[in-house]
$ cat start_29.cif   # mmCIF, C-alpha atoms and all ligand atoms
data_work
loop_
_atom_site.label_atom_id
_atom_site.label_comp_id
_atom_site.auth_asym_id
_atom_site.auth_seq_id
_atom_site.Cartn_x
_atom_site.Cartn_y
_atom_site.Cartn_z
CA MET L 8 -91.37 44.83 54.12
CA ASP L 9 -90.58 47.28 56.85
CA HIS L 10 -88.91 50.62 57.37
CA PHE L 11 -85.82 49.62 59.36
CA VAL L 12 -82.98 50.19 56.91
CA TYR L 13 -79.33 51.20 56.87
CA ARG L 14 -78.64 54.71 55.75
CA ASP L 15 -75.47 56.82 56.13
CA GLY L 16 -73.73 53.96 57.90
CA GLY L 17 -76.39 53.35 60.53
CA LEU L 18 -79.69 51.55 61.03
CA HIS L 19 -82.69 53.88 60.87
CA ALA L 20 -86.33 53.56 61.77
CA GLU L 21 -87.86 55.42 58.84
CA ASP L 22 -85.87 58.70 58.81
CA VAL L 23 -84.63 58.52 62.40
CA PRO L 24 -81.21 57.07 63.28
CA LEU L 25 -81.57 54.50 66.05
CA THR L 26 -78.44 55.92 67.69
CA ALA L 27 -80.34 59.17 68.32
CA ILE L 28 -83.14 57.32 70.08
CA ALA L 29 -80.73 55.29 72.19
CA GLU L 30 -78.87 58.41 73.24
CA ALA L 31 -82.01 60.30 74.16
CA CYS L 32 -83.98 57.49 75.83
CA GLY L 33 -81.40 54.97 76.99
CA THR L 34 -81.64 51.26 76.32
CA PRO L 35 -83.33 48.83 76.15
CA VAL L 36 -86.07 50.61 74.23
CA TYR L 37 -88.75 49.37 71.86
CA VAL L 38 -88.94 51.36 68.61
CA TYR L 39 -92.05 51.17 66.40
CA SER L 40 -92.47 52.41 62.84
CA THR L 41 -95.72 54.14 61.88
CA ALA L 42 -95.14 53.61 58.15
CA THR L 43 -94.80 49.87 58.70
CA LEU L 44 -97.97 49.66 60.79
CA VAL L 45 -99.85 51.61 58.14
CA ARG L 46 -98.49 49.47 55.34
CA HIS L 47 -99.37 46.19 57.02
CA HIS L 48 -102.89 47.38 57.71
CA ARG L 49 -103.32 48.56 54.13
CA VAL L 50 -102.02 45.31 52.62
CA LEU L 51 -104.40 43.20 54.69
CA ASP L 52 -107.33 45.50 53.99
CA ALA L 53 -106.64 45.33 50.24
CA ALA L 54 -106.37 41.53 50.47
CA LEU L 55 -109.87 41.30 51.94
CA ALA L 56 -111.50 43.84 49.60
CA PRO L 57 -114.19 43.99 48.38
CA LEU L 58 -115.72 41.99 51.24
CA ASP L 59 -117.59 43.85 53.98
CA ARG L 60 -114.73 43.66 56.46
CA LEU L 61 -113.58 44.75 59.89
CA ILE L 62 -109.94 44.47 60.91
CA CYS L 63 -109.86 44.15 64.70
CA PHE L 64 -106.25 44.47 65.83
CA ALA L 65 -105.42 41.98 68.60
CA VAL L 66 -104.49 44.39 71.39
CA LYS L 67 -102.57 41.69 73.25
CA ALA L 68 -99.88 41.87 70.56
CA ASN L 69 -99.16 45.52 71.27
CA GLY L 70 -101.33 47.57 73.58
CA ASN L 71 -99.33 50.78 73.41
CA LEU L 72 -101.75 53.70 73.30
CA SER L 73 -100.01 55.45 70.41
CA VAL L 74 -99.78 52.25 68.39
CA LEU L 75 -103.50 51.70 68.93
CA ALA L 76 -104.27 55.33 68.09
CA THR L 77 -102.26 54.98 64.86
CA LEU L 78 -104.40 51.99 63.89
CA ALA L 79 -107.60 53.71 65.02
CA ARG L 80 -106.94 56.48 62.51
CA LEU L 81 -106.82 53.87 59.74
CA GLY L 82 -110.29 52.69 60.74
CA ALA L 83 -109.13 49.57 62.55
CA GLY L 84 -111.15 48.02 65.34
CA ALA L 85 -109.82 45.98 68.24
CA ASP L 86 -109.96 42.42 69.53
CA VAL L 87 -109.69 42.66 73.32
CA VAL L 88 -109.39 39.95 75.95
CA SER L 89 -109.74 41.88 79.21
CA GLY L 90 -111.32 44.93 80.73
CA GLY L 91 -107.89 46.54 80.65
CA GLU L 92 -107.50 45.99 76.92
CA LEU L 93 -111.03 47.29 76.34
CA ALA L 94 -110.18 50.47 78.25
CA ARG L 95 -106.92 50.86 76.32
CA ALA L 96 -108.66 50.48 72.96
CA ARG L 97 -111.30 53.03 73.94
CA ALA L 98 -108.66 55.43 75.31
CA ALA L 99 -106.84 55.19 71.98
CA GLY L 100 -109.98 56.29 70.15
CA ILE L 101 -111.19 52.96 68.79
CA PRO L 102 -115.00 53.17 68.65
CA ALA L 103 -116.89 50.63 70.77
CA GLY L 104 -118.76 49.65 67.61
CA ARG L 105 -115.50 48.22 66.25
CA ILE L 106 -114.51 46.17 69.29
CA VAL L 107 -114.89 42.42 69.73
CA PHE L 108 -114.25 40.72 73.07
CA SER L 109 -112.56 37.29 73.07
CA GLY L 110 -111.24 35.02 75.81
CA VAL L 111 -112.24 31.97 77.87
CA GLY L 112 -112.48 33.68 81.23
CA LYS L 113 -114.24 37.02 80.94
CA THR L 114 -115.35 38.01 84.44
CA PRO L 115 -118.84 39.33 85.27
CA ALA L 116 -117.33 42.79 85.82
CA GLU L 117 -115.62 42.69 82.41
CA LEU L 118 -118.80 41.54 80.66
CA ALA L 119 -120.76 44.32 82.36
CA ALA L 120 -118.19 46.96 81.36
CA ALA L 121 -118.27 45.78 77.74
CA LEU L 122 -122.08 45.88 77.72
CA ASP L 123 -121.97 49.41 79.09
CA GLU L 124 -119.55 50.43 76.34
CA GLY L 125 -121.80 48.89 73.71
CA ILE L 126 -119.14 46.81 71.96
CA TYR L 127 -119.74 45.23 68.58
CA GLN L 128 -119.51 41.57 69.52
CA PHE L 129 -118.87 39.12 72.35
CA ASN L 130 -117.03 36.03 71.18
CA VAL L 131 -118.46 33.53 73.65
CA GLU L 132 -116.42 30.42 74.43
CA SER L 133 -118.65 28.27 76.66
CA ALA L 134 -122.20 27.53 77.79
CA ALA L 135 -121.29 28.90 81.22
CA GLU L 136 -120.13 32.20 79.74
CA LEU L 137 -123.25 32.45 77.58
CA GLU L 138 -125.48 32.06 80.62
CA MET L 139 -123.48 34.57 82.63
CA LEU L 140 -123.60 37.11 79.80
CA ALA L 141 -127.35 36.58 79.24
CA ARG L 142 -128.07 37.16 82.92
CA ILE L 143 -125.98 40.35 83.15
CA ALA L 144 -127.44 41.73 79.90
CA GLN L 145 -130.97 40.99 81.06
CA GLU L 146 -130.36 42.77 84.36
CA LYS L 147 -129.27 45.79 82.33
CA GLY L 148 -132.26 45.49 80.03
CA VAL L 149 -130.09 45.02 76.92
CA ARG L 150 -129.27 42.20 74.52
CA ALA L 151 -125.64 41.21 74.09
CA PRO L 152 -124.52 40.79 70.46
CA VAL L 153 -122.96 37.33 70.39
CA ALA L 154 -120.87 35.07 68.21
CA LEU L 155 -119.98 31.62 69.46
CA ARG L 156 -116.31 30.72 69.14
CA VAL L 157 -116.28 27.30 67.60
CA ASN L 158 -113.35 24.95 68.03
CA PRO L 159 -112.98 23.45 64.54
CA ASP L 160 -110.54 20.74 65.66
CA VAL L 161 -107.74 21.51 63.25
CA ARG L 162 -104.07 21.25 64.16
CA PRO L 163 -101.91 23.92 62.60
CA ALA L 164 -98.17 23.30 62.57
CA THR L 165 -97.03 25.96 64.99
CA HIS L 166 -95.44 26.02 68.41
CA ARG L 167 -97.61 23.97 70.78
CA LYS L 168 -97.93 26.88 73.19
CA ILE L 169 -99.69 29.03 70.59
CA ALA L 170 -101.92 26.44 68.84
CA THR L 171 -105.58 26.80 69.83
CA GLY L 172 -107.56 24.98 67.16
CA ALA L 173 -107.45 21.42 68.50
CA ARG L 174 -110.20 20.01 70.67
CA GLU L 175 -107.93 19.33 73.67
CA THR L 176 -107.19 23.01 74.13
CA LYS L 177 -109.32 25.16 76.42
CA PHE L 178 -110.53 27.28 73.50
CA GLY L 179 -113.90 27.45 71.83
CA ILE L 180 -116.99 25.30 71.77
CA PRO L 181 -116.58 21.80 70.30
CA ARG L 182 -117.95 21.74 66.77
CA GLU L 183 -120.43 19.00 67.61
CA ASP L 184 -121.95 21.05 70.47
CA ALA L 185 -122.28 24.28 68.51
CA LEU L 186 -125.74 23.78 66.98
CA ALA L 187 -127.37 22.98 70.32
CA LEU L 188 -125.73 25.95 72.04
CA TYR L 189 -126.81 28.27 69.22
CA ARG L 190 -130.39 27.06 69.66
CA ALA L 191 -130.16 27.76 73.39
CA ALA L 192 -128.63 31.19 72.75
CA ALA L 193 -131.37 32.11 70.27
CA ALA L 194 -133.94 31.49 73.01
CA MET L 195 -132.21 33.68 75.64
CA ARG L 196 -133.67 37.10 76.27
CA GLY L 197 -130.34 38.77 77.05
CA ILE L 198 -128.66 37.47 73.89
CA ARG L 199 -128.82 38.51 70.26
CA VAL L 200 -127.09 35.91 68.12
CA GLN L 201 -125.26 37.65 65.30
CA GLY L 202 -122.24 35.65 64.26
CA ILE L 203 -119.72 32.87 64.45
CA ASP L 204 -116.05 33.00 65.44
CA VAL L 205 -112.96 30.86 65.05
CA HIS L 206 -109.26 31.29 65.88
CA ILE L 207 -106.95 28.35 65.37
CA GLY L 208 -103.61 29.62 66.64
CA SER L 209 -100.78 31.99 65.99
CA GLN L 210 -97.71 32.19 63.72
CA ILE L 211 -99.31 29.84 61.21
CA THR L 212 -97.13 29.62 58.13
CA GLU L 213 -99.31 27.62 55.73
CA LEU L 214 -102.81 28.13 54.36
CA ALA L 215 -104.10 24.56 54.71
CA PRO L 216 -105.23 24.76 58.37
CA PHE L 217 -107.03 28.03 57.70
CA ALA L 218 -108.75 26.44 54.69
CA GLU L 219 -109.87 23.50 56.78
CA ALA L 220 -111.17 25.70 59.60
CA PHE L 221 -112.92 28.23 57.36
CA ALA L 222 -114.65 25.48 55.35
CA ARG L 223 -115.96 23.97 58.59
CA ILE L 224 -117.23 27.35 59.71
CA ALA L 225 -118.97 27.92 56.35
CA ASP L 226 -120.67 24.52 56.70
CA LEU L 227 -121.84 25.44 60.18
CA VAL L 228 -123.27 28.75 58.98
CA ALA L 229 -125.27 26.87 56.34
CA ALA L 230 -126.51 24.39 58.95
CA LEU L 231 -127.50 27.21 61.33
CA ARG L 232 -129.38 29.03 58.60
CA ARG L 233 -131.29 25.86 57.77
CA GLN L 234 -132.47 25.92 61.38
CA GLY L 235 -133.57 29.52 61.08
CA ILE L 236 -130.62 30.99 63.01
CA GLU L 237 -129.35 34.01 61.09
CA ILE L 238 -125.59 34.55 61.05
CA ARG L 239 -124.40 37.94 59.82
CA THR L 240 -120.78 38.10 60.99
CA VAL L 241 -117.97 35.61 60.52
CA ASP L 242 -114.92 36.30 62.70
CA LEU L 243 -111.92 34.36 61.40
CA GLY L 244 -109.54 35.26 64.24
CA GLY L 245 -105.88 36.08 63.70
CA GLY L 246 -102.91 33.83 63.31
CA LEU L 247 -101.35 34.51 59.93
CA GLY L 248 -97.61 34.09 60.45
CA VAL L 249 -94.84 36.53 59.62
CA PRO L 250 -91.24 36.03 58.52
CA TYR L 251 -89.00 36.30 61.59
CA ALA L 252 -85.60 35.39 60.31
CA ARG L 253 -84.72 35.75 56.65
CA GLY L 254 -84.84 32.45 54.83
CA ARG L 255 -86.36 30.53 57.75
CA ASP L 256 -90.12 30.83 57.52
CA ALA L 257 -92.04 31.76 54.42
CA PRO L 258 -95.61 32.45 55.49
CA PRO L 259 -98.29 32.95 52.86
CA GLU L 260 -98.76 36.46 51.53
CA PRO L 261 -101.77 38.34 52.90
CA ALA L 262 -103.12 38.40 49.32
CA ALA L 263 -103.24 34.59 49.24
CA TYR L 264 -104.92 34.54 52.66
CA GLY L 265 -107.45 37.11 51.40
CA ALA L 266 -108.18 35.04 48.31
CA LEU L 267 -108.82 32.03 50.53
CA VAL L 268 -111.20 34.02 52.73
CA ARG L 269 -113.10 35.28 49.69
CA GLU L 270 -113.31 31.77 48.27
CA LEU L 271 -114.48 30.03 51.45
CA VAL L 272 -116.63 32.57 53.23
CA GLY L 273 -117.26 35.26 50.61
CA ALA L 274 -120.50 33.67 49.41
CA LEU L 275 -122.03 33.67 52.90
CA ASP L 276 -122.83 37.36 52.54
CA CYS L 277 -121.58 38.08 56.05
CA ARG L 278 -119.43 40.84 57.46
CA VAL L 279 -115.95 39.32 57.77
CA ILE L 280 -113.96 40.14 60.91
CA VAL L 281 -110.27 39.32 61.28
CA GLU L 282 -108.17 39.69 64.43
CA PRO L 283 -104.54 40.07 63.32
CA GLY L 284 -101.92 40.96 65.90
CA ARG L 285 -98.53 39.77 64.75
CA LEU L 286 -99.18 40.44 61.06
CA ILE L 287 -99.69 44.13 61.74
CA ALA L 288 -97.19 44.76 64.51
CA ALA L 289 -94.35 42.21 64.65
CA ASN L 290 -92.16 43.61 61.91
CA ALA L 291 -93.14 47.17 62.79
CA GLY L 292 -90.93 47.10 65.89
CA VAL L 293 -87.39 46.43 67.07
CA LEU L 294 -85.94 46.12 70.54
CA LEU L 295 -82.92 48.37 70.67
CA ALA L 296 -80.26 47.23 73.14
CA ARG L 297 -76.67 47.96 74.03
CA VAL L 298 -73.83 45.49 74.43
CA VAL L 299 -72.78 45.44 78.10
CA LEU L 300 -69.72 43.32 77.48
CA VAL L 301 -68.36 40.47 75.44
CA LYS L 302 -67.50 37.39 77.44
CA GLU L 303 -65.04 34.93 75.93
CA THR L 304 -64.43 31.48 77.36
CA ALA L 305 -62.51 28.54 76.01
CA HIS L 306 -65.85 27.08 74.89
CA ARG L 307 -67.99 29.98 73.69
CA ARG L 308 -68.26 33.65 73.02
CA PHE L 309 -71.17 35.57 74.55
CA VAL L 310 -72.36 39.01 73.57
CA VAL L 311 -74.18 40.17 76.71
CA LEU L 312 -76.89 42.80 76.13
CA ASP L 313 -78.64 45.16 78.49
CA ALA L 314 -81.95 43.65 77.28
CA GLY L 315 -83.04 40.31 78.69
CA MET L 316 -85.72 37.66 78.52
CA ASN L 317 -87.86 39.83 80.77
CA ASP L 318 -87.99 42.47 77.99
CA LEU L 319 -88.61 40.04 75.12
CA MET L 320 -89.77 36.60 76.22
CA ARG L 321 -90.34 35.01 72.82
CA PRO L 322 -86.96 33.29 72.35
CA ALA L 323 -87.03 31.81 75.88
CA LEU L 324 -90.71 30.86 75.79
CA TYR L 325 -91.24 29.65 72.22
CA ASP L 326 -87.68 29.09 70.95
CA ALA L 327 -88.41 31.96 68.60
CA VAL L 328 -85.62 33.13 66.33
CA HIS L 329 -85.38 36.91 66.05
CA GLU L 330 -82.83 38.37 63.70
CA ILE L 331 -80.28 40.68 65.34
CA LEU L 332 -78.67 43.55 63.45
CA PRO L 333 -75.79 45.77 64.51
CA VAL L 334 -76.90 49.40 64.45
CA ALA L 335 -73.59 50.53 62.92
CA GLU L 336 -73.64 49.25 59.36
CA PRO L 337 -70.84 46.70 58.94
CA ALA L 338 -68.43 47.28 56.08
CA PRO L 339 -68.98 44.75 53.28
CA ASP L 340 -65.61 43.15 54.03
CA ALA L 341 -65.97 43.26 57.82
CA PRO L 342 -64.89 40.04 59.53
CA ALA L 343 -67.64 37.97 61.09
CA ILE L 344 -67.71 36.46 64.56
CA THR L 345 -69.96 33.73 65.88
CA ALA L 346 -71.45 34.37 69.30
CA ASP L 347 -74.42 33.64 71.52
CA VAL L 348 -76.33 36.85 72.06
CA VAL L 349 -77.65 36.73 75.61
CA GLY L 350 -79.28 38.89 78.25
CA PRO L 351 -78.19 39.54 81.84
CA VAL L 352 -81.01 37.59 83.51
CA CYS L 353 -79.95 34.73 85.75
CA GLU L 354 -81.45 31.89 83.74
CA SER L 355 -79.76 29.78 81.13
CA GLY L 356 -82.83 30.34 78.92
CA ASP L 357 -82.00 34.04 78.66
CA VAL L 358 -80.56 33.67 75.17
CA PHE L 359 -81.74 35.76 72.24
CA LEU L 360 -79.82 34.00 69.50
CA ARG L 361 -77.40 31.08 69.54
CA ASP L 362 -74.52 31.00 67.08
CA ALA L 363 -75.34 34.43 65.72
CA VAL L 364 -73.04 35.55 62.95
CA LEU L 365 -72.25 39.20 63.57
CA PRO L 366 -69.55 41.75 62.92
CA PRO L 367 -67.22 42.06 65.91
CA LEU L 368 -69.12 43.85 68.68
CA ALA L 369 -67.74 45.62 71.71
CA ALA L 370 -69.11 47.05 74.93
CA GLY L 371 -71.29 50.06 74.16
CA ASP L 372 -72.30 48.99 70.65
CA LEU L 373 -75.98 49.04 69.77
CA VAL L 374 -77.96 46.16 68.29
CA ALA L 375 -81.55 45.91 67.08
CA ILE L 376 -83.54 42.75 67.77
CA ARG L 377 -86.02 42.57 64.93
CA SER L 378 -89.68 41.57 64.69
CA ALA L 379 -90.25 42.70 68.27
CA GLY L 380 -93.33 44.86 67.67
CA ALA L 381 -95.77 42.09 68.59
CA TYR L 382 -95.72 40.17 71.90
CA GLY L 383 -92.61 42.08 72.95
CA ALA L 384 -93.40 44.97 75.29
CA SER L 385 -96.87 43.56 75.91
CA MET L 386 -95.39 40.41 77.47
CA ALA L 387 -92.50 42.03 79.31
CA SER L 388 -91.97 41.66 83.04
CA ALA L 389 -89.73 43.24 85.63
CA TYR L 390 -88.08 39.90 86.55
CA ASN L 391 -84.71 40.28 88.27
CA ALA L 392 -85.94 43.70 89.51
CA ARG L 393 -85.29 45.17 86.11
CA ASP L 394 -87.02 48.18 84.56
CA LEU L 395 -89.85 47.88 82.06
CA ALA L 396 -88.32 49.16 78.82
CA SER L 397 -89.54 52.40 77.31
CA GLU L 398 -91.33 52.58 73.95
CA VAL L 399 -90.81 55.01 71.09
CA LEU L 400 -92.97 55.61 68.03
CA VAL L 401 -91.34 56.92 64.85
CA ASN L 402 -93.27 58.72 62.13
CA GLY L 403 -91.09 59.83 59.21
CA ALA L 404 -88.46 62.13 60.65
CA ASP L 405 -90.47 62.58 63.85
CA TRP L 406 -90.30 60.41 66.91
CA ALA L 407 -91.83 60.44 70.36
CA LEU L 408 -91.33 58.62 73.64
CA VAL L 409 -94.77 56.97 73.92
CA ARG L 410 -94.13 55.09 77.15
CA ARG L 411 -91.38 56.10 79.45
CA ARG L 412 -89.29 53.56 81.29
CA ILE L 413 -90.96 52.18 84.41
CA THR L 414 -88.12 51.79 86.85
CA TRP L 415 -87.43 49.24 89.56
CA ARG L 416 -87.41 52.16 91.98
CA GLU L 417 -91.01 53.03 91.08
CA LEU L 418 -92.06 49.38 91.32
CA LEU L 419 -90.39 49.06 94.72
CA ALA L 420 -92.45 52.02 95.92
CA PHE L 421 -95.65 49.91 95.53
CA GLU L 422 -94.45 47.55 98.25
CA GLU L 423 -94.78 47.81 101.98
CA ARG L 424 -93.40 45.86 104.86
CA ALA L 425 -95.96 43.68 106.64
CA PRO L 426 -96.68 45.42 109.96
CA TRP L 427 -94.95 42.73 112.02
CA LEU L 428 -91.76 43.21 110.01
CA ASP L 429 -91.66 46.92 110.49
CA ASN L 430 -88.71 47.45 112.84
CA ARG L 431 -90.03 50.86 113.83
CA ALA L 432 -92.98 49.18 115.56
N1 LIG H 501 -107.54 36.40 68.23
C1 LIG H 501 -107.46 35.62 69.32
C2 LIG H 501 -108.70 35.10 69.92
C3 LIG H 501 -106.21 35.29 69.85
O1 LIG H 501 -106.14 34.51 70.91
C4 LIG H 501 -105.03 35.81 69.26
C5 LIG H 501 -103.71 35.50 69.81
C6 LIG H 501 -105.16 36.66 68.14
C7 LIG H 501 -106.43 36.92 67.65
C8 LIG H 501 -103.99 37.27 67.44
O2 LIG H 501 -103.15 36.31 66.88
P1 LIG H 501 -101.97 36.74 65.88
O3 LIG H 501 -102.62 37.31 64.65
O4 LIG H 501 -101.15 37.74 66.57
O5 LIG H 501 -101.25 35.49 65.63
N2 LIG H 501 -97.39 35.33 72.69
C9 LIG H 501 -97.38 34.47 71.53
C10 LIG H 501 -98.64 34.58 70.72
C11 LIG H 501 -99.90 34.32 71.50
C12 LIG H 501 -101.13 34.54 70.69
C13 LIG H 501 -102.33 34.48 71.55
N3 LIG H 501 -103.53 34.76 70.84
C14 LIG H 501 -96.15 34.77 70.69
O6 LIG H 501 -95.39 35.65 71.05
O7 LIG H 501 -95.92 34.10 69.71
#
$ encode --input "start_29.cif" --output "C-alpha cells"
Amino acid sequence: MDHFVYRDGGLHAEDVPLTAIAEACGTPVYVYSTATLVRHHRVLDAALAPLDRLICFAVKANGNLSVLATLARLGAGADVVSGGELARARAAGIPAGRIVFSGVGKTPAELAAALDEGIYQFNVESAAELEMLARIAQEKGVRAPVALRVNPDVRPATHRKIATGARETKFGIPREDALALYRAAAAMRGIRVQGIDVHIGSQITELAPFAEAFARIADLVAALRRQGIEIRTVDLGGGLGVPYARGRDAPPEPAAYGALVRELVGALDCRVIVEPGRLIAANAGVLLARVVLVKETAHRRFVVLDAGMNDLMRPALYDAVHEILPVAEPAPDAPAITADVVGPVCESGDVFLRDAVLPPLAAGDLVAIRSAGAYGASMASAYNARDLASEVLVNGADWALVRRRITWRELLAFEERAPWLDNRA
C-alpha cells in the first residue's frame, strides 16, 4: 500500500497534488511520501516483534538526508557501504550505535572513520578485511565489533545482477571457511566477535531461499557456540522483494517473512538485524516527469519524457518494469493508446516501458513512474550532460524540496582545461 492516489481528478502524493510540485520544482523530480515510509517501517517492525530487533535501512537504496531523518525518528538504524553513506546516516541523526557497515571493499580510511564513530557492527567479508580491521583497531587501542558475512551458497530467483548468495559471487565468506576464520578472529586483539551476517540478494519474491539461508546460518551459530565462540547478533541482510507492476510479482508479505525469521532464528536468543532498502523505500517514491512530445512512426508510437535512463536506471539495467500513471486521472471511458514510454537519452536502452497502455498523452502532460523511491535517485547520473533531478518529500499536506536540482551548468563548473589546451596561454 502507498499514498499515491487519485483525488479530484489528479494524482496526489498524500494530500499534495503532483501538478503543484511539478509547477513549483520543474521536472523530472522524485517525490517521496512520508506516510508510506512510516507505514513500511511499522509493518516490518511488527512482523519481527517480539524479537530483539534492529532495522538498519540500506542507505544505498535512498540516501536522501530527509528520507534518512524520517526513518531515524522511527528508531531505524542504517546499513552503510561507504564512508559517504556513514556520514550521511550520521548527518541525518541515526546514532552510530545503530549503524552496521557492509561491503567487500571497505578502505582503511573508511574502517578508521567507522571505528572513530563507534558503529554497532562491521560486517566483514574476507580474511584480508578482518586483518586490516584488526590492525587499524589495535593501533587505535579499540576492539572492532565484528560479524562475518557468510556466503550460504543459495541461489534466489532474481535478476542475476542483484543475486549475491551464490558462491561464485564476490560476496561473503564461503560457508566451509567460516569456522576457521571465526577462530582466527576470536584470537585477534583488535577484534570482538559479536555476530554473523548474511545477505543473499535483492528483489527476492519467494521465501524458500531465505529459509535455506537462515537455516544454514542457524546451524553455523550452533556450531560456533559448540566451539565456545559466542554469537549475539544475527544480521539477515535485506532483499525482500516488492510488487513493482500490479499483477506481475507477488512477493511474500512482511508478516510471512517475519514468521520465518522467528521460526528459524528466534530460538538463538540473538539480536536480529535486518537491512531492508527496497521494502521501505521503493513504493514510497515516484519519478514525476513531463511528456516532451509524442513521436509517431509507421511502426511504433513513442511517448518521449523529460526523464531518462540517467534519472532512473532500473529499466535499462535490470529490465525492471515500473508502472507509469498519467497524473491527470483518465475518465473511465477514456480511449487507450499503446506506446513505448522512452527518455531522451541517446541509447536504445533508454526505454521505461514497452507497449504501455495509457490514455492519450500530449506534450506537456505529466506522468508518474512508480516504485522509484529505492535505487532511483541514488543511482542517477548526469549522462548526456543532463541535470541530476531534484527530490521532494511530502508529509500530509506539507511538502519540501529536500534536494534541489544539480544542473549541468554547476557540474561543468567543476571542470578545467588542461594547461596545454588553454588558448590564453
Ligand atoms: N544489505 C546488503 C549487504 C546489500 O548489499 C543490499 C543491497 C541490501 C542490504 C538492501 O537490499 P534490498 O532490501 O534493497 O533488496 N540497484 C539494484 C539493487 C541492488 C541491491 C544491492 N544491495 C536494483 O535497483 O534493483
$ atom_distance --input "start_29.cif" --atom1 "CA of His47 (chain L)" --atom2 "CA of Ile287 (chain L)"
5.2 Å
$ residues_around --input "start_29.cif" --residues "Phe178 (chain L)" --least-positions-apart "6" --cutoff "12 Å" --atoms "all atoms listed in the file" --output "ChimeraX atom specification"
/L:109-112,130-133,155-160,169-172,204-208
$ closest_residue --input "start_29.cif" --among "L:Pro115, L:Pro216, L:Gly383, L:Pro283" --to "Leu61 (chain L)" --atoms "only C-alpha atoms"
L:Pro283
$ residues_near_point --input "start_29.cif" --point "(-112.7, 20.5, 58.5)" --cutoff "8 Å" --atoms "all atoms listed in the file" --output "PDB file with C-alpha atoms, in the frame of the given file"
ATOM      1  CA  PRO L 159    -112.980  23.450  64.540  1.00  0.00           C
ATOM      2  CA  ASP L 160    -110.540  20.740  65.660  1.00  0.00           C
ATOM      3  CA  VAL L 161    -107.740  21.510  63.250  1.00  0.00           C
ATOM      4  CA  GLU L 219    -109.870  23.500  56.780  1.00  0.00           C
ATOM      5  CA  ALA L 220    -111.170  25.700  59.600  1.00  0.00           C
ATOM      6  CA  PHE L 221    -112.920  28.230  57.360  1.00  0.00           C
ATOM      7  CA  ALA L 222    -114.650  25.480  55.350  1.00  0.00           C
ATOM      8  CA  ARG L 223    -115.960  23.970  58.590  1.00  0.00           C
TER       9      ARG L 223
END
$ residues_around --input "start_29.cif" --residues "Val299 (chain L)" --least-positions-apart "3" --cutoff "8 Å" --atoms "only C-alpha atoms" --output "short mmCIF file (atom, residue, chain, number, x, y, z; two decimals) with C-alpha atoms, in the coordinates of the input"
data_model
loop_
_atom_site.label_atom_id
_atom_site.label_comp_id
_atom_site.auth_asym_id
_atom_site.auth_seq_id
_atom_site.Cartn_x
_atom_site.Cartn_y
_atom_site.Cartn_z
CA VAL L 310 -72.36 39.01 73.57
CA VAL L 311 -74.18 40.17 76.71
CA LEU L 312 -76.89 42.80 76.13
CA ASP L 313 -78.64 45.16 78.49
CA ALA L 370 -69.11 47.05 74.93
CA GLY L 371 -71.29 50.06 74.16
#
$ closest_residue --input "start_29.cif" --among "L:His48, L:Lys113, L:Arg232, L:Arg377" --to "Leu81 (chain L)" --atoms "all atoms listed in the file"
L:His48
$ residues_near_ligand --input "start_29.cif" --ligand "ligand LIG 501 (chain H)" --cutoff "6 Å" --atoms "all atoms listed in the file" --output "list in words"
Ala65, Ala68, Ser109, Ile169, His206, Ser209, Gln210, Gly244, Gly245, Gly246, Leu247, Glu282, Pro283, Gly284, Arg285, Leu286, Arg321 and Tyr382 of chain L
$ residues_around --input "start_29.cif" --residues "Leu18 (chain L)" --least-positions-apart "6" --cutoff "8 Å" --atoms "all atoms listed in the file" --output "PyMOL selection string"
chain L and resi 11-12+24-25+333-336
$ closest_residue --input "start_29.cif" --among "L:Ile331, L:Cys353, L:Ala274, L:Val358" --to "Val374 (chain L)" --atoms "only C-alpha atoms"
L:Ile331
$ residues_around --input "start_29.cif" --residues "Val50 (chain L)" --least-positions-apart "5" --cutoff "9 Å" --atoms "all atoms listed in the file" --output "number ranges by chain"
L: 45, 55, 261-262
$ atom_distance --input "start_29.cif" --atom1 "CA of Ala338 (chain L)" --atom2 "CA of Arg14 (chain L)"
12.6 Å
$ closest_residue --input "start_29.cif" --among "L:Phe129, L:Tyr13, L:Tyr251, L:Phe64" --to "Ala141 (chain L)" --atoms "only C-alpha atoms"
L:Phe129
$ closest_residue --input "start_29.cif" --among "L:Leu72, L:Ala296, L:Ala121, L:Ile101" --to "Leu400 (chain L)" --atoms "only C-alpha atoms"
L:Leu72
$ atom_distance --input "start_29.cif" --atom1 "CA of Ala266 (chain L)" --atom2 "CA of Val228 (chain L)"
19.5 Å
$ residues_around --input "start_29.cif" --residues "Gly70 (chain L)" --least-positions-apart "4" --cutoff "9 Å" --atoms "all atoms listed in the file" --output "list of chain:residue names"
L:Ala65, L:Val66, L:Val74, L:Leu75, L:Glu92, L:Arg95, L:Ala96, L:Ala384, L:Ser385
$ closest_residue --input "start_29.cif" --among "L:Gly17, L:Gly292, L:Gly90, L:Gly315" --to "Ser388 (chain L)" --atoms "only C-alpha atoms"
L:Gly315
$ decode --input "start_29.cif" --residues "region 88-92 of chain L" --atoms "N, CA, C and O atoms" --output "compact mmCIF listing (two decimals), in the first residue's frame"
# COMPACT_ATOMS: atom_id res chain seq x y z
N VAL L 88 27.58 1.32 3.22
CA VAL L 88 28.61 0.60 2.47
C VAL L 88 29.76 1.50 2.04
O VAL L 88 30.59 1.11 1.21
N SER L 89 29.83 2.70 2.60
CA SER L 89 30.94 3.60 2.27
C SER L 89 31.05 4.65 3.37
O SER L 89 30.10 4.84 4.15
N GLY L 90 32.19 5.33 3.36
CA GLY L 90 32.34 6.44 4.30
C GLY L 90 31.31 7.52 4.04
O GLY L 90 30.81 8.16 4.97
N GLY L 91 30.97 7.71 2.78
CA GLY L 91 29.96 8.72 2.42
C GLY L 91 28.60 8.37 3.00
O GLY L 91 27.90 9.22 3.55
N GLU L 92 28.22 7.10 2.88
CA GLU L 92 26.92 6.70 3.44
C GLU L 92 26.93 6.79 4.96
O GLU L 92 25.92 7.16 5.57
